[in-house]
$ cat structure.txt   # compact mmCIF, C-alpha atoms
# COMPACT_ATOMS: atom_id res chain seq x y z
CA MET A 1 115.17 94.77 115.93
CA LYS A 2 112.45 95.18 113.33
CA ILE A 3 111.05 92.91 110.66
CA GLU A 4 110.20 93.92 107.09
CA ILE A 5 106.48 94.01 106.39
CA GLY A 6 106.56 94.96 102.70
CA ALA A 7 106.18 98.46 101.26
CA THR A 8 103.29 99.31 103.56
CA ASN A 9 102.19 102.88 104.13
CA CYS A 10 102.18 103.31 107.91
CA LEU A 11 101.87 107.12 108.03
CA TYR A 12 98.84 106.97 110.30
CA PRO A 13 96.69 107.86 112.15
CA MET A 14 95.38 110.62 109.94
CA PRO A 15 92.51 113.01 110.65
CA THR A 16 89.31 111.94 108.90
CA THR A 17 87.71 114.77 106.93
CA LEU A 18 84.54 115.45 105.00
CA ILE A 19 85.48 117.22 101.78
CA GLY A 20 82.82 119.55 100.43
CA ALA A 21 82.52 120.53 96.78
CA THR A 22 79.91 121.67 94.31
CA VAL A 23 79.37 118.92 91.76
CA ASP A 24 76.84 119.23 88.94
CA GLY A 25 75.56 122.36 90.66
CA ARG A 26 74.83 120.66 93.98
CA PRO A 27 76.73 120.40 97.29
CA ASN A 28 78.41 117.04 97.81
CA PHE A 29 80.57 115.56 100.56
CA LEU A 30 83.21 112.84 100.47
CA THR A 31 85.12 111.19 103.31
CA ILE A 32 88.91 111.43 102.94
CA ALA A 33 91.71 110.67 105.40
CA HIS A 34 94.53 110.74 102.85
CA VAL A 35 95.26 114.39 103.51
CA GLY A 36 98.39 116.38 104.16
CA ILE A 37 99.99 119.68 105.09
CA MET A 38 102.30 121.24 102.48
CA ASP A 39 103.16 124.48 104.23
CA LEU A 40 101.37 126.22 107.03
CA GLY A 41 98.63 127.64 104.81
CA SER A 42 98.37 124.84 102.22
CA VAL A 43 96.85 121.40 102.48
CA SER A 44 96.48 118.41 100.19
CA LEU A 45 93.81 115.82 99.45
CA GLY A 46 94.74 112.53 97.81
CA MET A 47 91.58 111.54 95.96
CA ALA A 48 91.14 108.53 93.68
CA LYS A 49 90.26 109.73 90.17
CA ALA A 50 87.16 107.53 90.18
CA HIS A 51 85.44 109.78 92.75
CA TYR A 52 82.46 111.88 91.67
CA THR A 53 83.78 114.88 93.62
CA ASN A 54 87.02 115.42 91.66
CA ALA A 55 85.40 117.04 88.63
CA GLY A 56 83.57 119.54 90.87
CA ILE A 57 86.78 120.63 92.58
CA LYS A 58 88.47 121.12 89.20
CA GLU A 59 85.51 122.97 87.70
CA ASN A 60 85.07 125.41 90.57
CA GLY A 61 88.62 125.62 91.90
CA ALA A 62 87.31 125.35 95.44
CA PHE A 63 86.60 122.86 98.21
CA SER A 64 85.98 122.74 101.93
CA ILE A 65 87.57 120.57 104.59
CA ASN A 66 85.20 119.77 107.44
CA LEU A 67 86.47 117.99 110.56
CA PRO A 68 83.79 115.73 111.99
CA SER A 69 83.76 114.81 115.66
CA VAL A 70 83.60 111.21 116.86
CA GLU A 71 79.89 111.78 117.50
CA MET A 72 79.47 112.05 113.69
CA VAL A 73 81.09 108.70 112.91
CA HIS A 74 77.98 107.19 111.27
CA GLU A 75 77.44 110.10 108.86
CA THR A 76 81.17 110.36 108.18
CA ASP A 77 81.61 106.70 107.35
CA TYR A 78 78.46 106.73 105.24
CA CYS A 79 79.86 109.55 103.08
CA GLY A 80 82.75 107.24 102.20
CA LEU A 81 80.45 104.34 101.33
CA VAL A 82 78.12 105.91 98.77
CA SER A 83 78.69 108.13 95.74
CA GLY A 84 77.16 111.52 95.11
CA ARG A 85 76.32 110.18 91.66
CA HIS A 86 73.53 108.17 93.27
CA VAL A 87 72.81 109.73 96.67
CA ASP A 88 72.28 113.32 97.85
CA LYS A 89 74.64 113.25 100.83
CA ALA A 90 73.98 116.93 101.58
CA GLU A 91 70.64 115.77 103.02
CA LEU A 92 72.55 114.49 106.05
CA PHE A 93 73.76 117.92 107.14
CA ASN A 94 72.91 121.56 107.54
CA VAL A 95 74.93 123.19 104.77
CA SER A 96 76.09 126.79 104.64
CA TYR A 97 78.57 128.90 102.68
CA GLY A 98 81.30 131.35 103.60
CA GLN A 99 83.41 133.41 101.17
CA LEU A 100 83.60 130.79 98.42
CA LYS A 101 80.17 130.06 97.02
CA THR A 102 81.19 126.65 95.68
CA ALA A 103 82.72 125.23 98.89
CA PRO A 104 79.81 123.93 100.98
CA LEU A 105 80.41 123.86 104.75
CA ILE A 106 78.91 121.38 107.20
CA ASP A 107 77.42 123.22 110.17
CA GLU A 108 77.54 120.17 112.44
CA CYS A 109 81.31 119.76 112.07
CA PRO A 110 83.16 121.65 114.82
CA ILE A 111 85.74 122.96 112.31
CA SER A 112 85.40 123.88 108.62
CA MET A 113 87.99 125.37 106.28
CA GLU A 114 87.38 126.95 102.88
CA CYS A 115 90.13 126.29 100.36
CA LYS A 116 91.00 127.70 96.96
CA LEU A 117 92.49 125.09 94.60
CA VAL A 118 96.04 126.15 93.71
CA LYS A 119 97.55 123.01 92.19
CA VAL A 120 96.70 119.49 91.08
CA VAL A 121 99.53 116.96 91.39
CA ASP A 122 98.88 114.05 89.08
CA PHE A 123 99.32 110.43 90.23
CA PRO A 124 98.43 107.32 88.20
CA LYS A 125 95.08 106.74 89.88
CA HIS A 126 94.78 109.81 92.11
CA ASP A 127 94.41 113.56 91.84
CA VAL A 128 96.22 115.33 94.65
CA PHE A 129 94.41 118.62 95.16
CA VAL A 130 96.48 121.31 96.84
CA GLY A 131 94.44 124.06 98.41
CA GLU A 132 95.21 127.38 100.05
CA ILE A 133 93.11 127.95 103.16
CA VAL A 134 91.15 131.19 102.74
CA ALA A 135 88.90 131.10 105.81
CA THR A 136 88.35 128.86 108.83
CA TYR A 137 85.26 128.51 110.97
CA ALA A 138 85.02 126.94 114.43
CA GLN A 139 82.23 126.23 116.86
CA GLU A 140 82.79 128.39 119.93
CA ALA A 141 82.44 125.28 122.09
CA VAL A 142 85.75 123.87 120.75
CA LEU A 143 87.82 126.98 121.49
CA THR A 144 89.88 127.60 124.64
CA ASN A 145 90.98 131.24 124.93
CA GLY A 146 90.15 131.72 121.23
CA VAL A 147 92.37 128.82 120.08
CA VAL A 148 91.12 125.49 118.71
CA ASP A 149 91.33 122.86 121.47
CA TYR A 150 91.42 119.36 119.96
CA GLY A 151 90.45 117.93 123.33
CA LYS A 152 87.09 119.60 122.68
CA VAL A 153 86.94 118.89 118.92
CA HIS A 154 86.98 115.09 119.46
CA PRO A 155 88.47 114.49 115.99
CA LEU A 156 87.93 111.20 114.23
CA LEU A 157 91.26 109.54 113.49
CA PHE A 158 91.77 106.85 110.87
CA THR A 159 94.18 103.96 110.38
CA MET A 160 94.31 101.94 107.17
CA ALA A 161 95.98 98.78 108.55
CA ASP A 162 92.87 97.72 110.45
CA LYS A 163 90.40 100.08 108.71
CA SER A 164 89.48 101.67 112.01
CA TYR A 165 88.41 104.94 113.59
CA TRP A 166 90.08 106.10 116.79
CA LYS A 167 89.58 108.80 119.38
CA LEU A 168 92.24 111.31 120.33
CA GLY A 169 93.90 110.61 123.68
CA GLU A 170 95.35 113.03 126.18
CA ARG A 171 97.57 116.05 125.56
CA PHE A 172 100.72 115.32 127.51
CA ALA A 173 103.63 117.51 126.43
CA LYS A 174 104.54 120.83 124.83
CA ALA A 175 106.23 120.85 121.44
CA TRP A 176 109.43 122.86 120.91
CA SER A 177 109.79 122.63 124.67
CA ILE A 178 109.91 119.21 126.32
CA GLY A 179 113.04 118.26 124.36
CA LYS A 180 115.07 121.16 125.75
CA ALA A 181 116.18 119.04 128.70
CA LEU A 182 118.20 116.82 126.32
CA SER A 183 121.56 117.73 125.02
CA VAL A 184 124.06 115.98 122.74
CA LYS A 185 127.29 117.22 121.28
CA MET B 1 76.71 128.17 114.37
CA LYS B 2 80.41 128.77 113.91
CA ILE B 3 82.62 131.83 114.13
CA GLU B 4 85.39 132.78 111.72
CA ILE B 5 88.87 132.44 113.21
CA GLY B 6 90.92 133.65 110.22
CA ALA B 7 92.61 131.49 107.61
CA THR B 8 93.94 129.03 110.19
CA ASN B 9 95.17 125.59 109.24
CA CYS B 10 93.23 123.20 111.48
CA LEU B 11 94.08 119.95 109.67
CA TYR B 12 95.34 118.30 112.85
CA PRO B 13 96.27 116.19 114.73
CA MET B 14 99.05 114.89 112.51
CA PRO B 15 101.45 112.04 113.22
CA THR B 16 104.84 113.29 114.37
CA THR B 17 107.71 111.75 112.43
CA LEU B 18 111.48 111.67 112.51
CA ILE B 19 112.74 112.10 108.96
CA GLY B 20 116.07 110.46 108.25
CA ALA B 21 118.43 111.55 105.50
CA THR B 22 122.10 111.49 104.67
CA VAL B 23 123.44 115.04 104.78
CA ASP B 24 127.09 115.86 104.12
CA GLY B 25 127.76 112.13 104.24
CA ARG B 26 126.32 111.62 107.73
CA PRO B 27 122.92 110.39 108.99
CA ASN B 28 120.67 113.16 110.24
CA PHE B 29 117.15 113.27 111.68
CA LEU B 30 114.55 116.03 111.67
CA THR B 31 111.16 116.19 113.40
CA ILE B 32 108.28 116.86 110.98
CA ALA B 33 104.51 116.65 111.49
CA HIS B 34 103.55 118.45 108.28
CA VAL B 35 103.24 115.23 106.36
CA GLY B 36 100.62 113.77 104.05
CA ILE B 37 99.39 110.83 102.01
CA MET B 38 99.15 111.35 98.25
CA ASP B 39 98.08 107.88 97.17
CA LEU B 40 98.35 104.64 99.04
CA GLY B 41 102.06 104.18 98.29
CA SER B 42 103.18 107.82 98.24
CA VAL B 43 103.70 110.26 101.07
CA SER B 44 104.70 113.91 101.38
CA LEU B 45 106.85 115.96 103.72
CA GLY B 46 106.38 119.72 103.92
CA MET B 47 109.81 120.98 104.95
CA ALA B 48 110.88 124.62 105.31
CA LYS B 49 113.70 125.36 102.87
CA ALA B 50 115.85 126.63 105.72
CA HIS B 51 116.30 123.09 107.10
CA TYR B 52 119.72 121.44 106.85
CA THR B 53 118.11 118.13 105.80
CA ASN B 54 116.55 119.30 102.50
CA ALA B 55 119.81 119.32 100.53
CA GLY B 56 120.54 115.73 101.61
CA ILE B 57 117.18 114.47 100.42
CA LYS B 58 117.67 116.18 97.06
CA GLU B 59 121.24 114.96 96.68
CA ASN B 60 120.48 111.31 97.46
CA GLY B 61 116.87 111.03 96.32
CA ALA B 62 116.03 109.13 99.47
CA PHE B 63 114.72 109.59 103.00
CA SER B 64 113.21 107.57 105.83
CA ILE B 65 110.09 108.19 107.87
CA ASN B 66 110.38 106.91 111.42
CA LEU B 67 107.35 106.93 113.72
CA PRO B 68 108.41 107.55 117.31
CA SER B 69 106.30 106.33 120.21
CA VAL B 70 105.17 108.63 123.00
CA GLU B 71 107.99 107.18 125.12
CA MET B 72 110.43 108.93 122.70
CA VAL B 73 108.93 112.39 123.13
CA HIS B 74 112.10 113.96 124.55
CA GLU B 75 114.34 112.77 121.69
CA THR B 76 111.68 113.58 119.11
CA ASP B 77 111.12 117.11 120.30
CA TYR B 78 114.86 117.67 120.60
CA CYS B 79 115.34 116.75 116.92
CA GLY B 80 113.01 119.64 116.04
CA LEU B 81 114.86 122.08 118.28
CA VAL B 82 118.44 121.77 117.01
CA SER B 83 119.98 121.67 113.54
CA GLY B 84 122.17 118.93 112.12
CA ARG B 85 124.49 121.77 111.05
CA HIS B 86 125.58 122.07 114.65
CA VAL B 87 124.62 118.83 116.42
CA ASP B 88 125.07 115.15 115.55
CA LYS B 89 121.50 114.00 116.27
CA ALA B 90 122.29 110.46 115.12
CA GLU B 91 124.10 110.07 118.47
CA LEU B 92 120.68 109.81 120.12
CA PHE B 93 119.68 106.61 118.34
CA ASN B 94 120.80 103.24 117.09
CA VAL B 95 120.91 103.74 113.33
CA SER B 96 120.64 101.05 110.67
CA TYR B 97 119.99 100.79 106.93
CA GLY B 98 117.67 98.76 104.74
CA GLN B 99 117.60 98.74 100.93
CA LEU B 100 118.44 102.41 100.46
CA LYS B 101 121.89 103.16 101.77
CA THR B 102 121.17 106.86 102.19
CA ALA B 103 117.95 106.57 104.23
CA PRO B 104 119.02 106.01 107.85
CA LEU B 105 116.50 104.16 110.02
CA ILE B 106 115.99 104.62 113.76
CA ASP B 107 115.94 101.23 115.49
CA GLU B 108 114.12 102.55 118.57
CA CYS B 109 111.12 103.76 116.51
CA PRO B 110 108.45 101.03 116.30
CA ILE B 111 107.89 101.75 112.58
CA SER B 112 110.29 102.92 109.87
CA MET B 113 109.66 103.40 106.15
CA GLU B 114 112.27 103.81 103.42
CA CYS B 115 111.23 106.20 100.65
CA LYS B 116 112.58 107.02 97.23
CA LEU B 117 112.15 110.69 96.29
CA VAL B 118 109.88 110.93 93.24
CA LYS B 119 108.91 114.60 93.12
CA VAL B 120 109.58 117.95 94.76
CA VAL B 121 106.66 120.35 94.80
CA ASP B 122 107.90 123.89 95.22
CA PHE B 123 106.29 126.34 97.66
CA PRO B 124 107.57 129.83 98.47
CA LYS B 125 109.34 128.82 101.70
CA HIS B 126 108.93 125.03 101.66
CA ASP B 127 110.04 122.03 99.67
CA VAL B 128 107.34 119.37 99.58
CA PHE B 129 109.15 116.06 99.11
CA VAL B 130 107.00 113.31 97.64
CA GLY B 131 108.32 109.83 98.27
CA GLU B 132 107.39 106.37 97.16
CA ILE B 133 107.56 103.84 99.99
CA VAL B 134 109.97 101.06 99.03
CA ALA B 135 110.17 99.09 102.28
CA THR B 136 108.62 99.22 105.75
CA TYR B 137 109.98 97.81 108.99
CA ALA B 138 108.04 97.20 112.21
CA GLN B 139 108.92 95.99 115.67
CA GLU B 140 107.19 92.67 116.21
CA ALA B 141 105.79 94.01 119.48
CA VAL B 142 103.52 96.45 117.59
CA LEU B 143 101.96 93.85 115.29
CA THR B 144 98.69 92.02 115.91
CA ASN B 145 98.25 89.06 113.54
CA GLY B 146 100.97 90.51 111.34
CA VAL B 147 99.27 93.89 110.94
CA VAL B 148 100.43 97.16 112.52
CA ASP B 149 98.34 97.87 115.61
CA TYR B 150 98.45 101.59 116.45
CA GLY B 151 97.21 100.80 119.93
CA LYS B 152 100.64 99.19 120.43
CA VAL B 153 102.65 101.76 118.43
CA HIS B 154 101.67 104.62 120.80
CA PRO B 155 102.17 107.23 118.06
CA LEU B 156 102.99 110.79 118.97
CA LEU B 157 100.35 113.14 117.60
CA PHE B 158 100.86 116.87 117.08
CA THR B 159 98.62 119.93 117.02
CA MET B 160 99.87 123.34 115.95
CA ALA B 161 97.21 125.50 117.65
CA ASP B 162 98.56 124.81 121.13
CA LYS B 163 101.96 123.37 120.04
CA SER B 164 101.24 120.13 121.83
CA TYR B 165 101.85 116.39 121.68
CA TRP B 166 98.96 114.00 122.24
CA LYS B 167 98.46 110.29 122.76
CA LEU B 168 96.17 108.18 120.60
CA GLY B 169 92.90 107.25 122.26
CA GLU B 170 90.77 104.15 121.81
CA ARG B 171 89.80 102.40 118.58
CA PHE B 172 86.02 102.50 118.58
CA ALA B 173 84.59 101.78 115.12
CA LYS B 174 85.27 100.05 111.82
CA ALA B 175 85.68 102.16 108.68
CA TRP B 176 83.67 101.32 105.53
CA SER B 177 81.32 99.58 107.92
CA ILE B 178 79.75 101.54 110.79
CA GLY B 179 78.03 103.92 108.35
CA LYS B 180 76.12 101.13 106.61
CA ALA B 181 73.26 101.49 109.07
CA LEU B 182 72.50 104.96 107.66
CA SER B 183 70.56 105.47 104.49
CA VAL B 184 69.39 108.56 102.62
CA LYS B 185 67.71 108.90 99.26
$ encode --input "structure.txt" --output "structure tokens"
Amino acid sequence: MKIEIGATNCLYPMPTTLIGATVDGRPNFLTIAHVGIMDLGSVSLGMAKAHYTNAGIKENGAFSINLPSVEMVHETDYCGLVSGRHVDKAELFNVSYGQLKTAPLIDECPISMECKLVKVVDFPKHDVFVGEIVATYAQEAVLTNGVVDYGKVHPLLFTMADKSYWKLGERFAKAWSIGKALSVK
Amino acid sequence: MKIEIGATNCLYPMPTTLIGATVDGRPNFLTIAHVGIMDLGSVSLGMAKAHYTNAGIKENGAFSINLPSVEMVHETDYCGLVSGRHVDKAELFNVSYGQLKTAPLIDECPISMECKLVKVVDFPKHDVFVGEIVATYAQEAVLTNGVVDYGKVHPLLFTMADKSYWKLGERFAKAWSIGKALSVK
């Protein structure tokens, strides 16, 4: 038995990301957890139109998605508190570039992805930027047998209901596997 | 220093969901973790066009998003292993309805959302269904002071790299808050 709690978005926790873009010719970073996966190679960012970063993504057709670890919670939260209009947030990080020269990457983040903008889906107060991943970079320390191991990434998870950051817990089952024991007609 | 690992989607972990729809006049459920948040009230599902469920969502303009707990991992994984073309997956659950009579809800899931389809974004092999949340239902046991507490929901998180399910760890910091201590020019 459940109770109705209004039209509340409960699709959480979501991975917290630092979105990199070139805005007014300079690297800038914005904290976003309203992200998504469209198909295996395409991701989305739901970004309020008021953000400084949006114009840079549109102008250059490129952005990065950097996954901070829980150890970077102060810097990550800070990049959601202040605007690149007023503060040079790139000062917080070592910044480098991969294939796309307008998608700044944060060296300290264990994972960074470069994305080419392929679509903008328009919402009343938000731009949803859809990007195709063109290259991904990982710190060797977060790989196990060459594959990203989230138990080593220590991703920063976000919930809106209580405006909180969470750690990832334990891996406990294999997908497309553990359900095989069940059977219904 | 990072190494390139190819154009790999690393935007994980994602919350695992059971998507409910009416297909061929019957309730059906499909396991999807390629989800997203567009704006606060709108969510997306990235669903391969080959799935049985897609036609039902298009026909009725409605779907549900049910968040299973880790205790439901067998049923959840199973619903990603078999097709509603061949198996009546609704047999696994107690099914009810809210406002939308074509968006079946799973009573056992601690959280369920009813969504009205507002847009389909076309990808080569995927339909991305964008839904507006019209009503949300929660088990009282997962609320703390009337707000959803993910520490009580025990959401089932998914990573693609190692095809695994994970538990949520501890809540450890407040968003839009912990970063205030930092300051750069």
$ residues_around --input "structure.txt" --residues "region 145-155 of chain B" --least-positions-apart "3" --cutoff "9 Å" --atoms "all atoms listed in the file" --output "PyMOL selection string"
(chain A and resi 5+10+12-13+159+161-162) or (chain B and resi 15-16+67-71+109-111+138-142+166-171)
$ atom_distance --input "structure.txt" --atom1 "CA of Asp39 (chain A)" --atom2 "CA of Pro27 (chain A)"
27.6 Å
$ calpha_fit_and_write --input "structure.txt" --fixed "chain B" --moving "chain A" --output "short mmCIF file (atom, residue, chain, number, x, y, z; two decimals) with C-alpha atoms, keeping the file's coordinate frame"
data_model
loop_
_atom_site.label_atom_id
_atom_site.label_comp_id
_atom_site.auth_asym_id
_atom_site.auth_seq_id
_atom_site.Cartn_x
_atom_site.Cartn_y
_atom_site.Cartn_z
CA MET A 1 76.70 128.19 114.35
CA LYS A 2 80.41 128.77 113.89
CA ILE A 3 82.60 131.84 114.12
CA GLU A 4 85.39 132.78 111.71
CA ILE A 5 88.86 132.43 113.20
CA GLY A 6 90.93 133.65 110.24
CA ALA A 7 92.63 131.47 107.62
CA THR A 8 93.93 129.03 110.21
CA ASN A 9 95.16 125.58 109.25
CA CYS A 10 93.22 123.19 111.48
CA LEU A 11 94.08 119.93 109.68
CA TYR A 12 95.34 118.31 112.86
CA PRO A 13 96.28 116.20 114.74
CA MET A 14 99.03 114.89 112.51
CA PRO A 15 101.44 112.03 113.23
CA THR A 16 104.83 113.30 114.38
CA THR A 17 107.70 111.75 112.43
CA LEU A 18 111.48 111.67 112.50
CA ILE A 19 112.73 112.11 108.95
CA GLY A 20 116.06 110.45 108.24
CA ALA A 21 118.43 111.55 105.49
CA THR A 22 122.11 111.49 104.67
CA VAL A 23 123.44 115.03 104.78
CA ASP A 24 127.09 115.85 104.13
CA GLY A 25 127.78 112.12 104.25
CA ARG A 26 126.31 111.61 107.72
CA PRO A 27 122.92 110.38 109.00
CA ASN A 28 120.67 113.16 110.24
CA PHE A 29 117.15 113.28 111.67
CA LEU A 30 114.54 116.03 111.67
CA THR A 31 111.16 116.20 113.38
CA ILE A 32 108.27 116.86 110.98
CA ALA A 33 104.50 116.65 111.49
CA HIS A 34 103.55 118.45 108.29
CA VAL A 35 103.23 115.22 106.36
CA GLY A 36 100.64 113.77 104.04
CA ILE A 37 99.40 110.83 102.01
CA MET A 38 99.15 111.35 98.24
CA ASP A 39 98.07 107.88 97.18
CA LEU A 40 98.36 104.63 99.02
CA GLY A 41 102.06 104.18 98.28
CA SER A 42 103.17 107.83 98.24
CA VAL A 43 103.69 110.27 101.07
CA SER A 44 104.70 113.90 101.38
CA LEU A 45 106.85 115.97 103.73
CA GLY A 46 106.38 119.73 103.93
CA MET A 47 109.81 120.99 104.95
CA ALA A 48 110.87 124.62 105.32
CA LYS A 49 113.69 125.36 102.86
CA ALA A 50 115.86 126.63 105.71
CA HIS A 51 116.30 123.10 107.09
CA TYR A 52 119.71 121.43 106.85
CA THR A 53 118.10 118.13 105.80
CA ASN A 54 116.56 119.31 102.50
CA ALA A 55 119.80 119.32 100.52
CA GLY A 56 120.55 115.73 101.62
CA ILE A 57 117.17 114.47 100.43
CA LYS A 58 117.67 116.18 97.06
CA GLU A 59 121.24 114.95 96.67
CA ASN A 60 120.50 111.31 97.46
CA GLY A 61 116.89 111.04 96.31
CA ALA A 62 116.03 109.13 99.47
CA PHE A 63 114.70 109.57 102.99
CA SER A 64 113.20 107.56 105.81
CA ILE A 65 110.08 108.20 107.86
CA ASN A 66 110.38 106.91 111.41
CA LEU A 67 107.35 106.92 113.72
CA PRO A 68 108.40 107.55 117.30
CA SER A 69 106.30 106.33 120.21
CA VAL A 70 105.17 108.63 123.01
CA GLU A 71 107.99 107.17 125.10
CA MET A 72 110.42 108.92 122.70
CA VAL A 73 108.92 112.38 123.13
CA HIS A 74 112.10 113.97 124.54
CA GLU A 75 114.35 112.77 121.69
CA THR A 76 111.67 113.57 119.11
CA ASP A 77 111.11 117.11 120.31
CA TYR A 78 114.85 117.68 120.60
CA CYS A 79 115.34 116.76 116.93
CA GLY A 80 113.02 119.64 116.05
CA LEU A 81 114.88 122.10 118.27
CA VAL A 82 118.45 121.77 117.01
CA SER A 83 119.99 121.67 113.54
CA GLY A 84 122.18 118.95 112.12
CA ARG A 85 124.49 121.76 111.05
CA HIS A 86 125.58 122.07 114.67
CA VAL A 87 124.63 118.83 116.43
CA ASP A 88 125.06 115.14 115.55
CA LYS A 89 121.51 114.01 116.27
CA ALA A 90 122.29 110.45 115.13
CA GLU A 91 124.08 110.05 118.48
CA LEU A 92 120.66 109.81 120.12
CA PHE A 93 119.67 106.61 118.33
CA ASN A 94 120.80 103.24 117.09
CA VAL A 95 120.89 103.74 113.33
CA SER A 96 120.63 101.04 110.69
CA TYR A 97 120.00 100.79 106.95
CA GLY A 98 117.68 98.75 104.77
CA GLN A 99 117.59 98.72 100.95
CA LEU A 100 118.45 102.40 100.47
CA LYS A 101 121.91 103.15 101.78
CA THR A 102 121.19 106.86 102.20
CA ALA A 103 117.96 106.58 104.23
CA PRO A 104 119.02 106.02 107.85
CA LEU A 105 116.49 104.15 110.02
CA ILE A 106 115.99 104.62 113.76
CA ASP A 107 115.95 101.24 115.50
CA GLU A 108 114.10 102.56 118.55
CA CYS A 109 111.11 103.75 116.52
CA PRO A 110 108.44 101.04 116.30
CA ILE A 111 107.88 101.76 112.58
CA SER A 112 110.30 102.92 109.86
CA MET A 113 109.67 103.40 106.15
CA GLU A 114 112.27 103.82 103.41
CA CYS A 115 111.23 106.20 100.66
CA LYS A 116 112.58 107.02 97.22
CA LEU A 117 112.15 110.70 96.29
CA VAL A 118 109.88 110.92 93.24
CA LYS A 119 108.90 114.60 93.13
CA VAL A 120 109.58 117.95 94.75
CA VAL A 121 106.63 120.36 94.80
CA ASP A 122 107.90 123.89 95.21
CA PHE A 123 106.29 126.33 97.67
CA PRO A 124 107.57 129.84 98.50
CA LYS A 125 109.34 128.83 101.70
CA HIS A 126 108.93 125.04 101.66
CA ASP A 127 110.03 122.03 99.66
CA VAL A 128 107.34 119.37 99.57
CA PHE A 129 109.14 116.07 99.10
CA VAL A 130 107.00 113.31 97.64
CA GLY A 131 108.32 109.84 98.28
CA GLU A 132 107.39 106.35 97.15
CA ILE A 133 107.56 103.85 99.99
CA VAL A 134 109.97 101.06 99.02
CA ALA A 135 110.17 99.09 102.28
CA THR A 136 108.62 99.22 105.74
CA TYR A 137 109.96 97.81 108.98
CA ALA A 138 108.04 97.21 112.21
CA GLN A 139 108.92 96.00 115.66
CA GLU A 140 107.19 92.66 116.20
CA ALA A 141 105.78 94.01 119.47
CA VAL A 142 103.52 96.47 117.58
CA LEU A 143 101.95 93.86 115.28
CA THR A 144 98.67 92.02 115.90
CA ASN A 145 98.24 89.05 113.54
CA GLY A 146 100.99 90.50 111.32
CA VAL A 147 99.27 93.90 110.94
CA VAL A 148 100.45 97.16 112.51
CA ASP A 149 98.34 97.88 115.61
CA TYR A 150 98.47 101.60 116.46
CA GLY A 151 97.21 100.80 119.94
CA LYS A 152 100.63 99.18 120.42
CA VAL A 153 102.64 101.77 118.43
CA HIS A 154 101.66 104.62 120.81
CA PRO A 155 102.18 107.24 118.07
CA LEU A 156 102.99 110.80 118.98
CA LEU A 157 100.35 113.15 117.61
CA PHE A 158 100.86 116.87 117.08
CA THR A 159 98.63 119.93 117.03
CA MET A 160 99.88 123.35 115.95
CA ALA A 161 97.21 125.51 117.66
CA ASP A 162 98.58 124.82 121.13
CA LYS A 163 101.97 123.37 120.05
CA SER A 164 101.24 120.13 121.83
CA TYR A 165 101.85 116.39 121.68
CA TRP A 166 98.96 114.01 122.24
CA LYS A 167 98.46 110.30 122.75
CA LEU A 168 96.19 108.18 120.59
CA GLY A 169 92.90 107.25 122.26
CA GLU A 170 90.78 104.16 121.81
CA ARG A 171 89.81 102.39 118.60
CA PHE A 172 86.03 102.49 118.57
CA ALA A 173 84.59 101.77 115.13
CA LYS A 174 85.27 100.05 111.82
CA ALA A 175 85.69 102.15 108.70
CA TRP A 176 83.68 101.34 105.56
CA SER A 177 81.33 99.57 107.94
CA ILE A 178 79.75 101.52 110.79
CA GLY A 179 78.05 103.91 108.35
CA LYS A 180 76.13 101.12 106.60
CA ALA A 181 73.27 101.48 109.07
CA LEU A 182 72.48 104.94 107.64
CA SER A 183 70.56 105.47 104.50
CA VAL A 184 69.41 108.58 102.62
CA LYS A 185 67.74 108.90 99.27
#
$ closest_residue --input "structure.txt" --among "A:Leu157, A:Ala103, A:Ile19, A:Ala55" --to "chain B" --atoms "all atoms listed in the file"
A:Leu157
$ residues_around --input "structure.txt" --residues "Gly61 (chain A)" --least-positions-apart "3" --cutoff "8 Å" --atoms "only C-alpha atoms" --output "PyMOL selection string"
chain A and resi 56-58+116-118
$ closest_residue --input "structure.txt" --among "B:Lys2, B:Lys180, B:Lys49, B:Arg26" --to "Ala90 (chain B)" --atoms "all atoms listed in the file"
B:Arg26
$ atom_distance --input "structure.txt" --atom1 "CA of Gln99 (chain A)" --atom2 "CA of Asn66 (chain A)"
15.1 Å
$ residues_around --input "structure.txt" --residues "His74 (chain A)" --least-positions-apart "3" --cutoff "9 Å" --atoms "all atoms listed in the file" --output "PDB file with C-alpha atoms, keeping the file's coordinate frame"
ATOM      1  CA  VAL A  70      83.600 111.210 116.860  1.00  0.00           C
ATOM      2  CA  GLU A  71      79.890 111.780 117.500  1.00  0.00           C
ATOM      3  CA  ASP A  77      81.610 106.700 107.350  1.00  0.00           C
ATOM      4  CA  TYR A  78      78.460 106.730 105.240  1.00  0.00           C
ATOM      5  CA  CYS A  79      79.860 109.550 103.080  1.00  0.00           C
TER       6      CYS A  79
ATOM      7  CA  SER B 177      81.320  99.580 107.920  1.00  0.00           C
ATOM      8  CA  ILE B 178      79.750 101.540 110.790  1.00  0.00           C
ATOM      9  CA  GLY B 179      78.030 103.920 108.350  1.00  0.00           C
ATOM     10  CA  LYS B 180      76.120 101.130 106.610  1.00  0.00           C
ATOM     11  CA  ALA B 181      73.260 101.490 109.070  1.00  0.00           C
ATOM     12  CA  LEU B 182      72.500 104.960 107.660  1.00  0.00           C
TER      13      LEU B 182
END
$ atom_distance --input "structure.txt" --atom1 "CA of Leu40 (chain B)" --atom2 "CA of Asn9 (chain A)"
6.6 Å
$ closest_residue --input "structure.txt" --among "B:Met14, B:Ala173, B:Met1, B:Val130" --to "Asp107 (chain A)" --atoms "all atoms listed in the file"
B:Met1
$ closest_residue --input "structure.txt" --among "A:Leu143, A:Met160, A:Ala135, A:Ile32" --to "chain B" --atoms "all atoms listed in the file"
A:Ala135
